[in-house]
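Okay, structure first, notes after.
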Amino acid sequence: MMHDASTLAARPISAPSGVGIGLRAPHMQRVLSERPRVAWFEVHSENLFADGGALHAAIEHVRADYPLSLHGVGLSLGSADTFDDEHLATLCALVQRFEPGLVSDHICWGAIGGIHLNDLLPLPFTREALDLIVTRVQQVQDALGREFLVENVSSYLTFQHAEMSEWEFVAELIRRSGCGLLLDVNNVYVNSVNHGFDAHAYLRAMPRAAVREIHLGGFIRKTDLAVPLLIDSHSRPVDAEVWALYAGALDLFGPVPTLIEWDQDIPELEVLLAEAGCAEALLNGHRTHIA
């Protein structure tokens, strides 16, 4: 079903609830033609930075029927470079145009000296890094005029001069900046295996009222190494251990809007909808439990 301009202009700003999936190119035509039963969609912000064209038109039509989130990968909030004001201005324009229910990016850095590294690199958990990213997050929220969410990232190394744990760093960032948290449960589990900490303790350290969204995804388990290593690949179904951790997160934070991420080796749409159904069953079970 297509929509005329008056319908698009009248759309409400609606916050996602329930379980959504990432809206990726291989599924776009089916989503437009079939309108699958899914609660909401996530779109990567930077994919819309080139103004106009078929993609913008498609997102307009999806947005008319579904709540939307814009999830960024390029703000590089923790970079020592001067903040990219042009990138932020473009994001603000997208938010104004598409009126997403949620807007987010990552607790990371990915650019230095004007060179973008095409990765979400972990920060050193120091007071200096914390002061920097708190300032940047506040700047983003001021520019957007609304709450902004930050997401914890996966990592494969630690910094020897860290002054606090990852969960202490994330929790303090949330408290000091006043932003919301996009809690990636898969990343918590991946890091707990890679760095040897208690994933449930990480969850308990998060400010409960600040958790606005949860991400679930799949990882690759490396088996040919001397130590355990998980790679956050977004190319597999959600692991059983991550489902268990997600259930624990729902116990702590309630029925938070949840997204199934799958960005590599993208399967048929039915696979993503089935994963979303598993998450919905857990989420609805939690609603029934607390009713």
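For the structure tokens, the naming scheme is as follows: chains receive sequential letters (A, B, ...) according to their order of presentation, residues are indexed from 1 within each chain, and ligands are indexed from 1 in presentation order.
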I'd like the neighbourhood of segment 30-45 of chain A as number ranges by chain, where a residue qualifies if any of its atoms comes within 9 Å (using only C-alpha atoms), though same-chain residues fewer than 5 positions away should be ignored. A: 1-2, 16-24, 58-59, 61-63, 65-74, 91, 94, 102-104, 259, 261, 269, 273, 276-277
Sel. of strand (DSSP E or B) residues, segment 18-245 of chain A, as a VMD selection string: chain A and resid 19 to 22 41 to 44 68 to 71 102 to 106 109 to 112 115 to 121 149 to 151 180 to 184 211 to 216 219 to 222 229 to 232
Using only C-alpha atoms: which of A:Pro267, A:Gly78, A:Gly101, A:Gly110 has the shortest distance to Phe125 of chain A: A:Gly78
Which of these, A:Leu181, A:Leu48, A:Met28, A:Ala274, has the shortest distance to Pro207 of chain A once you count only C-alpha atoms?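 The closest residue to Pro207 of chain A is A:Leu181.
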Need to verify the contact set: Gln138 of chain A, 9 Å, only C-alpha atoms, exclusion of same-chain residues closer than 2 positions in sequence. Can you return it as a list in words?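 In the requested format, the answer is Ile133, Val134, Thr135, Arg136, Val140, Gln141, Asp142, Ala143, Phe148, Ser177, Gly178 and Cys179 of chain A.
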Residue subset to file, keeping all heavy atoms, as a compact mmCIF listing (two decimals), in the first residue's frame:
```
# COMPACT_ATOMS: atom_id res chain seq x y z
N ILE A 133 33.60 12.31 26.45
CA ILE A 133 32.39 11.77 25.84
C ILE A 133 31.14 12.31 26.52
O ILE A 133 30.10 12.48 25.87
CB ILE A 133 32.42 10.22 25.82
CG1 ILE A 133 31.36 9.71 24.83
CG2 ILE A 133 32.26 9.63 27.19
CD1 ILE A 133 31.48 8.24 24.49
N VAL A 134 31.20 12.64 27.80
CA VAL A 134 30.06 13.28 28.45
C VAL A 134 29.75 14.61 27.76
O VAL A 134 28.59 14.93 27.44
CB VAL A 134 30.33 13.50 29.95
CG1 VAL A 134 29.32 14.49 30.55
CG2 VAL A 134 30.25 12.18 30.71
N THR A 135 30.79 15.40 27.50
CA THR A 135 30.60 16.68 26.82
C THR A 135 30.00 16.49 25.44
O THR A 135 29.09 17.22 25.02
CB THR A 135 31.94 17.42 26.71
OG1 THR A 135 32.45 17.67 28.02
CG2 THR A 135 31.78 18.74 25.97
N ARG A 136 30.50 15.49 24.69
CA ARG A 136 30.01 15.24 23.35
C ARG A 136 28.54 14.80 23.37
O ARG A 136 27.74 15.25 22.54
CB ARG A 136 30.86 14.17 22.68
CG ARG A 136 32.31 14.59 22.45
CD ARG A 136 32.46 15.39 21.18
NE ARG A 136 33.80 15.95 21.01
CZ ARG A 136 34.87 15.28 20.60
NH1 ARG A 136 34.79 13.99 20.35
NH2 ARG A 136 36.02 15.90 20.42
N VAL A 140 25.29 16.60 21.59
CA VAL A 140 24.35 15.96 20.67
C VAL A 140 22.92 16.16 21.16
O VAL A 140 22.02 16.52 20.39
CB VAL A 140 24.67 14.46 20.53
CG1 VAL A 140 23.58 13.76 19.72
CG2 VAL A 140 26.03 14.27 19.86
N GLN A 141 22.68 15.95 22.44
CA GLN A 141 21.32 16.12 22.97
C GLN A 141 20.85 17.55 22.83
O GLN A 141 19.68 17.80 22.50
CB GLN A 141 21.25 15.67 24.43
CG GLN A 141 21.42 14.17 24.61
CD GLN A 141 20.85 13.65 25.91
OE1 GLN A 141 20.16 12.64 25.93
NE2 GLN A 141 21.17 14.31 27.02
N ASP A 142 21.73 18.51 23.06
CA ASP A 142 21.36 19.92 22.91
C ASP A 142 20.98 20.22 21.46
O ASP A 142 20.01 20.93 21.18
CB ASP A 142 22.50 20.83 23.35
CG ASP A 142 22.72 20.84 24.86
OD1 ASP A 142 21.81 20.39 25.57
OD2 ASP A 142 23.79 21.29 25.30
N ALA A 143 21.75 19.67 20.51
CA ALA A 143 21.48 19.91 19.09
C ALA A 143 20.17 19.25 18.65
O ALA A 143 19.40 19.84 17.89
CB ALA A 143 22.64 19.40 18.24
N PHE A 148 18.97 11.31 23.62
CA PHE A 148 19.85 10.57 22.73
C PHE A 148 20.30 9.32 23.48
O PHE A 148 20.54 9.37 24.70
CB PHE A 148 21.03 11.46 22.38
CG PHE A 148 22.08 10.84 21.49
CD1 PHE A 148 21.78 10.49 20.20
CD2 PHE A 148 23.38 10.65 21.96
CE1 PHE A 148 22.76 9.94 19.37
CE2 PHE A 148 24.35 10.11 21.15
CZ PHE A 148 24.04 9.75 19.85
N SER A 177 25.67 12.64 31.80
CA SER A 177 25.18 13.29 30.58
C SER A 177 23.66 13.42 30.55
O SER A 177 23.11 14.25 29.82
CB SER A 177 25.64 12.52 29.35
OG SER A 177 24.99 11.26 29.26
N GLY A 178 22.97 12.55 31.30
CA GLY A 178 21.52 12.57 31.28
C GLY A 178 20.92 11.90 30.05
O GLY A 178 19.72 12.04 29.79
N CYS A 179 21.73 11.15 29.30
CA CYS A 179 21.21 10.48 28.10
C CYS A 179 20.60 9.13 28.47
O CYS A 179 20.63 8.70 29.62
CB CYS A 179 22.33 10.29 27.08
SG CYS A 179 23.58 9.08 27.56
```
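All residues of protein, DNA or RNA that reach within 9 Å of Phe219 of chain A, judged by only C-alpha atoms and not counting those fewer than 4 positions away in the chain, are Asn186, Val190, Leu230, Ile231, Asp232, Ser233, His234, Ser235, Arg236, Pro237, Val238 and Asp239 of chain A.
The shortest atom-to-atom distance to Ala171 of chain A, with only C-alpha atoms taken into account, belongs to A:Glu151 out of A:Glu60, A:Glu241, A:Glu268, A:Glu151.
You can rank A:Val227, A:Leu182, A:Ala89, A:Leu77 by their closest distance to Val256 of chain A using only C-alpha atoms, and at the top of that list sits A:Leu182.
Candidate residues A:Val137, A:Glu280, A:Trp262, A:Arg97 were compared for distance to Phe49 of chain A, and the nearest is A:Arg97, using only C-alpha atoms.
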Shell around Thr258 of chain A at 6 Å using only C-alpha atoms, local window under 5 positions removed, as a PyMOL selection string: chain A and resi 19+213-215
Dump N, CA and C atoms for the selected residues as a short mmCIF file (atom, residue, chain, number, x, y, z; two decimals), in the first residue's frame?
```
data_model
loop_
_atom_site.label_atom_id
_atom_site.label_comp_id
_atom_site.auth_asym_id
_atom_site.auth_seq_id
_atom_site.Cartn_x
_atom_site.Cartn_y
_atom_site.Cartn_z
N VAL A 19 9.23 -5.76 19.79
CA VAL A 19 10.48 -6.20 19.16
C VAL A 19 10.50 -5.78 17.70
N GLU A 213 16.34 0.93 25.28
CA GLU A 213 16.31 -0.01 24.16
C GLU A 213 17.33 -1.11 24.43
N ILE A 214 17.07 -2.29 23.87
CA ILE A 214 17.99 -3.43 23.97
C ILE A 214 18.27 -3.94 22.56
N HIS A 215 19.53 -4.30 22.31
CA HIS A 215 19.92 -4.95 21.07
C HIS A 215 20.28 -6.41 21.34
#
```
Kindly indicate which residue among A:Glu166, A:Leu75, A:Asp224, A:Leu173 lies nearest to Asp198 of chain A, using only C-alpha atoms for the distances.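 That would be A:Glu166, the residue with the smallest distance to Asp198 of chain A.
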DSSP-assigned helix (DSSP H, G or I) among segment 82-148 of chain A, expressed as a short mmCIF file (atom, residue, chain, number, x, y, z; two decimals) with all heavy atoms, in the first residue's frame:
```cif
data_model
loop_
_atom_site.label_atom_id
_atom_site.label_comp_id
_atom_site.auth_asym_id
_atom_site.auth_seq_id
_atom_site.Cartn_x
_atom_site.Cartn_y
_atom_site.Cartn_z
N ASP A 85 30.89 18.75 13.40
CA ASP A 85 29.63 19.48 13.47
C ASP A 85 28.76 19.24 12.24
O ASP A 85 27.53 19.26 12.33
CB ASP A 85 29.90 20.98 13.64
CG ASP A 85 30.53 21.31 14.99
OD1 ASP A 85 30.20 20.64 15.98
OD2 ASP A 85 31.36 22.24 15.04
N GLU A 86 29.39 19.04 11.09
CA GLU A 86 28.62 18.80 9.87
C GLU A 86 27.86 17.47 9.95
O GLU A 86 26.70 17.37 9.55
CB GLU A 86 29.54 18.81 8.65
CG GLU A 86 28.81 18.62 7.33
CD GLU A 86 29.74 18.70 6.13
OE1 GLU A 86 30.94 19.04 6.32
OE2 GLU A 86 29.28 18.41 5.01
N HIS A 87 28.53 16.45 10.50
CA HIS A 87 27.88 15.15 10.68
C HIS A 87 26.67 15.30 11.61
O HIS A 87 25.58 14.77 11.33
CB HIS A 87 28.89 14.16 11.27
CG HIS A 87 28.42 12.74 11.26
ND1 HIS A 87 28.97 11.77 10.46
CD2 HIS A 87 27.45 12.11 11.97
CE1 HIS A 87 28.37 10.61 10.67
NE2 HIS A 87 27.44 10.80 11.59
N LEU A 88 26.87 16.04 12.70
CA LEU A 88 25.78 16.23 13.66
C LEU A 88 24.63 17.01 13.03
O LEU A 88 23.45 16.69 13.24
CB LEU A 88 26.29 16.95 14.90
CG LEU A 88 25.26 17.27 15.99
CD1 LEU A 88 24.52 16.02 16.44
CD2 LEU A 88 25.93 17.96 17.17
N ALA A 89 24.94 18.03 12.24
CA ALA A 89 23.88 18.82 11.59
C ALA A 89 23.07 17.96 10.63
O ALA A 89 21.84 18.10 10.54
CB ALA A 89 24.50 20.01 10.87
N THR A 90 23.74 17.06 9.91
CA THR A 90 23.04 16.17 8.99
C THR A 90 22.12 15.22 9.75
O THR A 90 20.98 14.96 9.34
CB THR A 90 24.03 15.37 8.13
OG1 THR A 90 24.91 16.28 7.45
CG2 THR A 90 23.31 14.51 7.10
N LEU A 91 22.61 14.70 10.88
CA LEU A 91 21.78 13.84 11.72
C LEU A 91 20.55 14.59 12.22
O LEU A 91 19.42 14.07 12.20
CB LEU A 91 22.59 13.30 12.89
CG LEU A 91 21.82 12.47 13.91
CD1 LEU A 91 21.24 11.20 13.27
CD2 LEU A 91 22.72 12.10 15.09
N CYS A 92 20.74 15.82 12.66
CA CYS A 92 19.62 16.63 13.15
C CYS A 92 18.56 16.81 12.06
O CYS A 92 17.35 16.75 12.33
CB CYS A 92 20.11 17.98 13.64
SG CYS A 92 21.06 17.92 15.17
N ALA A 93 19.01 17.04 10.83
CA ALA A 93 18.07 17.21 9.72
C ALA A 93 17.29 15.92 9.47
O ALA A 93 16.08 15.96 9.18
CB ALA A 93 18.82 17.64 8.47
N LEU A 94 17.97 14.77 9.56
CA LEU A 94 17.28 13.49 9.38
C LEU A 94 16.24 13.26 10.47
O LEU A 94 15.13 12.78 10.20
CB LEU A 94 18.29 12.34 9.39
CG LEU A 94 19.13 12.12 8.14
CD1 LEU A 94 20.11 10.98 8.38
CD2 LEU A 94 18.25 11.81 6.95
N VAL A 95 16.60 13.59 11.70
CA VAL A 95 15.67 13.40 12.81
C VAL A 95 14.44 14.28 12.61
O VAL A 95 13.30 13.86 12.85
CB VAL A 95 16.37 13.72 14.15
CG1 VAL A 95 15.37 13.79 15.29
CG2 VAL A 95 17.43 12.66 14.44
N GLN A 96 14.66 15.49 12.16
CA GLN A 96 13.54 16.38 11.90
C GLN A 96 12.66 15.84 10.77
O GLN A 96 11.43 15.93 10.82
CB GLN A 96 14.04 17.78 11.55
CG GLN A 96 12.93 18.81 11.37
CD GLN A 96 13.46 20.21 11.18
OE1 GLN A 96 14.64 20.41 10.93
NE2 GLN A 96 12.58 21.19 11.29
N ARG A 97 13.26 15.27 9.76
CA ARG A 97 12.50 14.78 8.61
C ARG A 97 11.71 13.51 8.93
O ARG A 97 10.52 13.41 8.61
CB ARG A 97 13.44 14.51 7.44
CG ARG A 97 12.72 13.90 6.23
CD ARG A 97 13.60 13.78 5.02
NE ARG A 97 12.85 13.23 3.89
CZ ARG A 97 13.34 13.08 2.67
NH1 ARG A 97 14.57 13.43 2.39
NH2 ARG A 97 12.60 12.56 1.70
N PHE A 98 12.39 12.52 9.55
CA PHE A 98 11.76 11.21 9.72
C PHE A 98 11.12 11.02 11.10
O PHE A 98 10.40 10.04 11.29
CB PHE A 98 12.78 10.11 9.46
CG PHE A 98 13.20 10.03 8.02
CD1 PHE A 98 14.47 10.42 7.63
CD2 PHE A 98 12.33 9.57 7.05
CE1 PHE A 98 14.87 10.36 6.30
CE2 PHE A 98 12.70 9.51 5.72
CZ PHE A 98 13.98 9.90 5.34
N ARG A 127 39.16 8.77 33.36
CA ARG A 127 38.36 9.96 33.66
C ARG A 127 38.45 10.99 32.53
O ARG A 127 37.49 11.69 32.24
CB ARG A 127 38.82 10.56 34.99
CG ARG A 127 38.49 9.67 36.18
CD ARG A 127 39.01 10.21 37.50
NE ARG A 127 38.68 9.30 38.59
CZ ARG A 127 39.40 8.26 38.94
NH1 ARG A 127 40.53 7.99 38.27
NH2 ARG A 127 39.04 7.48 39.93
N GLU A 128 39.61 11.06 31.90
CA GLU A 128 39.77 12.00 30.79
C GLU A 128 38.84 11.63 29.64
O GLU A 128 38.17 12.50 29.06
CB GLU A 128 41.22 12.01 30.31
CG GLU A 128 41.48 12.96 29.16
CD GLU A 128 42.93 12.93 28.68
OE1 GLU A 128 43.62 11.92 28.94
OE2 GLU A 128 43.35 13.90 28.04
N ALA A 129 38.80 10.34 29.28
CA ALA A 129 37.92 9.89 28.20
C ALA A 129 36.45 10.08 28.59
O ALA A 129 35.62 10.45 27.75
CB ALA A 129 38.19 8.43 27.88
N LEU A 130 36.14 9.85 29.85
CA LEU A 130 34.77 10.04 30.33
C LEU A 130 34.35 11.49 30.21
O LEU A 130 33.25 11.80 29.74
CB LEU A 130 34.66 9.55 31.77
CG LEU A 130 33.28 9.66 32.42
CD1 LEU A 130 32.25 8.83 31.66
CD2 LEU A 130 33.35 9.23 33.88
N ASP A 131 35.21 12.41 30.65
CA ASP A 131 34.89 13.84 30.55
C ASP A 131 34.61 14.23 29.10
O ASP A 131 33.67 14.99 28.81
CB ASP A 131 36.04 14.68 31.09
CG ASP A 131 36.19 14.59 32.60
OD1 ASP A 131 35.24 14.14 33.27
OD2 ASP A 131 37.27 14.96 33.10
N LEU A 132 35.43 13.73 28.18
CA LEU A 132 35.27 14.06 26.77
C LEU A 132 33.93 13.57 26.23
O LEU A 132 33.17 14.34 25.61
CB LEU A 132 36.40 13.45 25.94
CG LEU A 132 36.27 13.57 24.42
CD1 LEU A 132 36.32 15.02 23.98
CD2 LEU A 132 37.35 12.75 23.72
N ILE A 133 33.60 12.31 26.45
CA ILE A 133 32.39 11.77 25.84
C ILE A 133 31.14 12.31 26.52
O ILE A 133 30.10 12.48 25.87
CB ILE A 133 32.42 10.22 25.82
CG1 ILE A 133 31.36 9.71 24.83
CG2 ILE A 133 32.26 9.63 27.19
CD1 ILE A 133 31.48 8.24 24.49
N VAL A 134 31.20 12.64 27.80
CA VAL A 134 30.06 13.28 28.45
C VAL A 134 29.75 14.61 27.76
O VAL A 134 28.59 14.93 27.44
CB VAL A 134 30.33 13.50 29.95
CG1 VAL A 134 29.32 14.49 30.55
CG2 VAL A 134 30.25 12.18 30.71
N THR A 135 30.79 15.40 27.50
CA THR A 135 30.60 16.68 26.82
C THR A 135 30.00 16.49 25.44
O THR A 135 29.09 17.22 25.02
CB THR A 135 31.94 17.42 26.71
OG1 THR A 135 32.45 17.67 28.02
CG2 THR A 135 31.78 18.74 25.97
N ARG A 136 30.50 15.49 24.69
CA ARG A 136 30.01 15.24 23.35
C ARG A 136 28.54 14.80 23.37
O ARG A 136 27.74 15.25 22.54
CB ARG A 136 30.86 14.17 22.68
CG ARG A 136 32.31 14.59 22.45
CD ARG A 136 32.46 15.39 21.18
NE ARG A 136 33.80 15.95 21.01
CZ ARG A 136 34.87 15.28 20.60
NH1 ARG A 136 34.79 13.99 20.35
NH2 ARG A 136 36.02 15.90 20.42
N VAL A 137 28.18 13.91 24.26
CA VAL A 137 26.81 13.44 24.33
C VAL A 137 25.86 14.59 24.68
O VAL A 137 24.77 14.72 24.10
CB VAL A 137 26.68 12.28 25.33
CG1 VAL A 137 25.21 11.96 25.61
CG2 VAL A 137 27.39 11.04 24.81
N GLN A 138 26.28 15.44 25.60
CA GLN A 138 25.45 16.59 25.94
C GLN A 138 25.29 17.52 24.74
O GLN A 138 24.22 18.07 24.51
CB GLN A 138 26.05 17.33 27.13
CG GLN A 138 25.95 16.55 28.44
CD GLN A 138 26.71 17.21 29.57
OE1 GLN A 138 27.72 17.90 29.36
NE2 GLN A 138 26.23 17.02 30.79
N GLN A 139 26.35 17.66 23.96
CA GLN A 139 26.29 18.49 22.75
C GLN A 139 25.29 17.92 21.75
O GLN A 139 24.52 18.67 21.14
CB GLN A 139 27.68 18.58 22.11
CG GLN A 139 27.74 19.47 20.88
CD GLN A 139 29.16 19.57 20.31
OE1 GLN A 139 30.13 19.18 20.95
NE2 GLN A 139 29.27 20.10 19.10
N VAL A 140 25.29 16.60 21.59
CA VAL A 140 24.35 15.96 20.67
C VAL A 140 22.92 16.16 21.16
O VAL A 140 22.02 16.52 20.39
CB VAL A 140 24.67 14.46 20.53
CG1 VAL A 140 23.58 13.76 19.72
CG2 VAL A 140 26.03 14.27 19.86
N GLN A 141 22.68 15.95 22.44
CA GLN A 141 21.32 16.12 22.97
C GLN A 141 20.85 17.55 22.83
O GLN A 141 19.68 17.80 22.50
CB GLN A 141 21.25 15.67 24.43
CG GLN A 141 21.42 14.17 24.61
CD GLN A 141 20.85 13.65 25.91
OE1 GLN A 141 20.16 12.64 25.93
NE2 GLN A 141 21.17 14.31 27.02
N ASP A 142 21.73 18.51 23.06
CA ASP A 142 21.36 19.92 22.91
C ASP A 142 20.98 20.22 21.46
O ASP A 142 20.01 20.93 21.18
CB ASP A 142 22.50 20.83 23.35
CG ASP A 142 22.72 20.84 24.86
OD1 ASP A 142 21.81 20.39 25.57
OD2 ASP A 142 23.79 21.29 25.30
N ALA A 143 21.75 19.67 20.51
CA ALA A 143 21.48 19.91 19.09
C ALA A 143 20.17 19.25 18.65
O ALA A 143 19.40 19.84 17.89
CB ALA A 143 22.64 19.40 18.24
N LEU A 144 19.93 18.03 19.14
CA LEU A 144 18.71 17.32 18.76
C LEU A 144 17.47 17.86 19.46
O LEU A 144 16.36 17.74 18.95
CB LEU A 144 18.85 15.83 19.09
CG LEU A 144 19.85 15.01 18.28
CD1 LEU A 144 19.96 13.60 18.86
CD2 LEU A 144 19.46 14.95 16.82
#
```
